[in-house]
Amino acid sequence: GYLSFGEPILEPLHNIELKDAILAYDDAGNPVEPEWPAVHVIVSNPPFLGGKRMRTELGDYVDDLFTLYEGRVPHEADLVTYWFEKARAMIEQKSVKRAGLLATNSIRGGPNRRVLDHVKHSGDIFMAWSDRPWILDGAAVRVSMIGFDDSTELTRTLDGRSVTHITSDLESTIDVTNAYRLRENAGLVFMGVTPAGPFDISRDVAEEMLAAPKNPNGHPNSDVVRPYYNAMDLTKRPRDVWTIDFGTDMSETDAAQYEAPFEYVKEHVYPVRRENRRKAYRDKWWLYAESRPAMRTALQPLPRYIATPMVAKHRIFCWLDPEVVPANLINVIARDDDYFFGVLHSRIHEIWSLRMCTWLGVGNDPRYTPTTTFETFPFPWPPGQEPKDHPAYRAVSAAAKQLHAERAAWLNPT
């Protein structure tokens, strides 16, 4: 027969608590770390929220989080990294022996990886699955599973294989996580603009504006109506999208002199930007949120520039006309010579970029990160100091020029 159980069947579980795991407040309202109990092992699947979305989703909460973990977790890191740091600190304090946590595979690179650098500084990673499929909120993602301790564990297992060591980017080959950013490579690669509003327009609207008579200031609308590319325009056929671009510091009065473009922005962009939580974005609603003045200065003297998608299954580089405004998911490289174009297309650079990049999405597409991928790459000669009469320089230039010509002919046969 059936056993007789009392009511309620489930006994009270005093060891389960409902509270914030990474942030609490003392009686004076100051942020403090919540106390975790001393245990043998921490096993956790922490909540995921990307670093760029934390402000939007959590509001002012993130300010207290940043204050509490200052110097321990980068402000740009994903929310999950705070659990890694909390567990690491408890292991260092001998309150916990080991921890096993799950994160998206983006923990292997960028600001997220710095938390794993700290893990290896005070202990070590003894087990990891670097890249596994996972379902998060009904969506397919890629995750990393990581076990770490105070270096007591002597065996190392990576992706089910026995290895001698595991680096903070969850590799077992040569450790390049500490590759230096070379000062010779600085100031050459930039992220494209971030409009933060519907500045983009169709070709029909653009043509109408471009065909209009000169404005009261005596200037044509072509000053501010320009082609607009995002990453899709590089990997597929261009979408023929245009944008209204008032530059980096044009005043509202001067922008209003471009009558049709300004009226369009006032009607479509202003209602969006006036609700933005950042004062600078609200006050200068007719300008892009991030207009990239340094990028514009670097591109100004060039007859063309190199562009590559930030995220793409296959790493490609393209020439763009200086009139094209690149979006924020395009990395812009301020060079106009065939030699540099050729080096970027080389197998050596592609292998380096795949080793140094971060990975994104269920497709596990490589993300070309300027600081870790481009600025660490050892070019044959320091950029700007290439001997143009050197046989290797001439050979690479010729091959790159031929590559571009043949690719253009194949994509656009006549």
# chains A, B, ... in the order shown; residues from 1 in each chain; ligands from 1

$ select_by_dssp --residues "region 198-243 of chain A" --states "helix (DSSP H, G or I)" --output "ChimeraX atom specification"
/A:203-211,221-223,231-235

$ select_by_dssp --residues "region 171-268 of chain A" --states "strand (DSSP E or B)" --output "list in words"
Val189, Phe190, Met191, Val193, Thr194, Asp200, Ile201, Val225, Arg226, Pro227, Tyr228, Tyr229, Trp242, Thr243 and Ile244 of chain A

$ residues_around --residues "Glu33 (chain A)" --least-positions-apart "6" --cutoff "9 Å" --atoms "only C-alpha atoms" --output "number ranges by chain"
A: 21-25, 68-69, 86

$ write_last_selection --atoms "N, CA and C atoms" --output "mmCIF file, in the first residue's frame"
data_model
loop_
_atom_site.group_PDB
_atom_site.id
_atom_site.type_symbol
_atom_site.label_atom_id
_atom_site.label_comp_id
_atom_site.auth_asym_id
_atom_site.auth_seq_id
_atom_site.Cartn_x
_atom_site.Cartn_y
_atom_site.Cartn_z
ATOM 1 N N ALA A 21 22.224 37.429 -4.916
ATOM 2 C CA ALA A 21 23.438 36.676 -4.609
ATOM 3 C C ALA A 21 24.713 37.506 -4.674
ATOM 4 N N ILE A 22 24.679 38.648 -5.346
ATOM 5 C CA ILE A 22 25.926 39.390 -5.553
ATOM 6 C C ILE A 22 25.911 40.808 -5.006
ATOM 7 N N LEU A 23 24.753 41.292 -4.545
ATOM 8 C CA LEU A 23 24.679 42.661 -4.034
ATOM 9 C C LEU A 23 23.646 42.751 -2.916
ATOM 10 N N ALA A 24 24.057 43.358 -1.799
ATOM 11 C CA ALA A 24 23.150 43.616 -0.683
ATOM 12 C C ALA A 24 23.431 45.024 -0.164
ATOM 13 N N TYR A 25 22.676 45.439 0.837
ATOM 14 C CA TYR A 25 22.849 46.777 1.412
ATOM 15 C C TYR A 25 22.869 46.677 2.937
ATOM 16 N N LEU A 68 30.920 48.187 -5.761
ATOM 17 C CA LEU A 68 31.237 47.075 -4.871
ATOM 18 C C LEU A 68 32.350 46.192 -5.421
ATOM 19 N N TYR A 69 32.373 45.995 -6.737
ATOM 20 C CA TYR A 69 33.356 45.090 -7.341
ATOM 21 C C TYR A 69 34.429 45.846 -8.125
ATOM 22 N N LYS A 86 32.923 36.174 -7.243
ATOM 23 C CA LYS A 86 32.496 35.876 -5.873
ATOM 24 C C LYS A 86 32.989 34.489 -5.453
#

$ closest_residue --among "A:Cys357, A:Leu234, A:Ala260, A:Ala392" --to "Ile316 (chain A)" --atoms "only C-alpha atoms"
A:Leu234

$ closest_residue --among "A:Gly147, A:Pro34, A:Pro198, A:Pro293" --to "Val119 (chain A)" --atoms "only C-alpha atoms"
A:Gly147

$ decode --residues "region 76-147 of chain A" --atoms "C-alpha atoms" --output "PDB file, in the first residue's frame"
ATOM      1  CA  GLU A  76      31.992  46.116 -19.474  1.00  0.00           C
ATOM      2  CA  ALA A  77      31.788  42.469 -18.345  1.00  0.00           C
ATOM      3  CA  ASP A  78      28.631  40.349 -18.464  1.00  0.00           C
ATOM      4  CA  LEU A  79      26.540  39.858 -15.326  1.00  0.00           C
ATOM      5  CA  VAL A  80      27.569  36.203 -14.983  1.00  0.00           C
ATOM      6  CA  THR A  81      31.179  37.186 -14.272  1.00  0.00           C
ATOM      7  CA  TYR A  82      30.218  38.523 -10.836  1.00  0.00           C
ATOM      8  CA  TRP A  83      29.385  34.957  -9.740  1.00  0.00           C
ATOM      9  CA  PHE A  84      32.797  33.805 -10.975  1.00  0.00           C
ATOM     10  CA  GLU A  85      34.545  36.541  -9.003  1.00  0.00           C
ATOM     11  CA  LYS A  86      32.496  35.876  -5.873  1.00  0.00           C
ATOM     12  CA  ALA A  87      33.282  32.141  -6.037  1.00  0.00           C
ATOM     13  CA  ARG A  88      36.968  32.842  -6.747  1.00  0.00           C
ATOM     14  CA  ALA A  89      37.238  35.113  -3.714  1.00  0.00           C
ATOM     15  CA  MET A  90      35.646  32.489  -1.467  1.00  0.00           C
ATOM     16  CA  ILE A  91      38.108  29.857  -2.688  1.00  0.00           C
ATOM     17  CA  GLU A  92      40.971  32.257  -2.014  1.00  0.00           C
ATOM     18  CA  GLN A  93      39.590  32.815   1.510  1.00  0.00           C
ATOM     19  CA  LYS A  94      39.427  29.024   2.072  1.00  0.00           C
ATOM     20  CA  SER A  95      35.640  29.169   2.531  1.00  0.00           C
ATOM     21  CA  VAL A  96      35.107  26.927  -0.507  1.00  0.00           C
ATOM     22  CA  LYS A  97      37.253  24.187  -2.009  1.00  0.00           C
ATOM     23  CA  ARG A  98      36.183  24.412  -5.637  1.00  0.00           C
ATOM     24  CA  ALA A  99      33.536  25.818  -7.962  1.00  0.00           C
ATOM     25  CA  GLY A 100      31.859  24.807 -11.188  1.00  0.00           C
ATOM     26  CA  LEU A 101      30.005  27.520 -13.110  1.00  0.00           C
ATOM     27  CA  LEU A 102      28.392  27.950 -16.496  1.00  0.00           C
ATOM     28  CA  ALA A 103      28.562  31.008 -18.743  1.00  0.00           C
ATOM     29  CA  THR A 104      28.140  31.825 -22.409  1.00  0.00           C
ATOM     30  CA  ASN A 105      31.292  31.186 -24.376  1.00  0.00           C
ATOM     31  CA  SER A 106      31.965  34.926 -24.507  1.00  0.00           C
ATOM     32  CA  ILE A 107      33.651  34.492 -21.125  1.00  0.00           C
ATOM     33  CA  ARG A 108      36.711  33.328 -23.079  1.00  0.00           C
ATOM     34  CA  GLY A 109      37.507  36.793 -24.374  1.00  0.00           C
ATOM     35  CA  GLY A 110      37.350  40.547 -23.918  1.00  0.00           C
ATOM     36  CA  PRO A 111      36.560  42.046 -20.513  1.00  0.00           C
ATOM     37  CA  ASN A 112      34.874  38.799 -19.422  1.00  0.00           C
ATOM     38  CA  ARG A 113      38.144  36.897 -19.667  1.00  0.00           C
ATOM     39  CA  ARG A 114      39.796  39.174 -17.121  1.00  0.00           C
ATOM     40  CA  VAL A 115      37.714  37.456 -14.453  1.00  0.00           C
ATOM     41  CA  LEU A 116      39.210  34.119 -15.525  1.00  0.00           C
ATOM     42  CA  ASP A 117      42.639  35.771 -15.432  1.00  0.00           C
ATOM     43  CA  HIS A 118      41.941  36.480 -11.752  1.00  0.00           C
ATOM     44  CA  VAL A 119      40.842  32.864 -11.268  1.00  0.00           C
ATOM     45  CA  LYS A 120      44.180  31.644 -12.593  1.00  0.00           C
ATOM     46  CA  HIS A 121      46.059  34.216 -10.554  1.00  0.00           C
ATOM     47  CA  SER A 122      44.744  32.988  -7.208  1.00  0.00           C
ATOM     48  CA  GLY A 123      44.104  29.372  -8.222  1.00  0.00           C
ATOM     49  CA  ASP A 124      43.623  27.425 -11.426  1.00  0.00           C
ATOM     50  CA  ILE A 125      41.121  26.001 -13.884  1.00  0.00           C
ATOM     51  CA  PHE A 126      41.148  22.207 -13.673  1.00  0.00           C
ATOM     52  CA  MET A 127      38.210  21.389 -15.955  1.00  0.00           C
ATOM     53  CA  ALA A 128      36.470  23.165 -18.812  1.00  0.00           C
ATOM     54  CA  TRP A 129      34.155  22.611 -21.723  1.00  0.00           C
ATOM     55  CA  SER A 130      35.055  25.587 -23.840  1.00  0.00           C
ATOM     56  CA  ASP A 131      32.189  25.617 -26.320  1.00  0.00           C
ATOM     57  CA  ARG A 132      28.940  23.697 -26.009  1.00  0.00           C
ATOM     58  CA  PRO A 133      25.429  24.183 -27.447  1.00  0.00           C
ATOM     59  CA  TRP A 134      22.794  25.231 -24.906  1.00  0.00           C
ATOM     60  CA  ILE A 135      19.206  26.467 -24.773  1.00  0.00           C
ATOM     61  CA  LEU A 136      18.650  29.773 -22.944  1.00  0.00           C
ATOM     62  CA  ASP A 137      15.110  31.183 -22.677  1.00  0.00           C
ATOM     63  CA  GLY A 138      14.136  29.078 -25.664  1.00  0.00           C
ATOM     64  CA  ALA A 139      17.026  30.358 -27.797  1.00  0.00           C
ATOM     65  CA  ALA A 140      20.065  28.352 -28.851  1.00  0.00           C
ATOM     66  CA  VAL A 141      23.347  29.734 -27.513  1.00  0.00           C
ATOM     67  CA  ARG A 142      26.923  28.540 -26.944  1.00  0.00           C
ATOM     68  CA  VAL A 143      28.232  28.087 -23.424  1.00  0.00           C
ATOM     69  CA  SER A 144      31.403  27.339 -21.485  1.00  0.00           C
ATOM     70  CA  MET A 145      31.476  25.154 -18.366  1.00  0.00           C
ATOM     71  CA  ILE A 146      34.354  25.883 -16.012  1.00  0.00           C
ATOM     72  CA  GLY A 147      35.634  24.189 -12.858  1.00  0.00           C
TER      73      GLY A 147
END
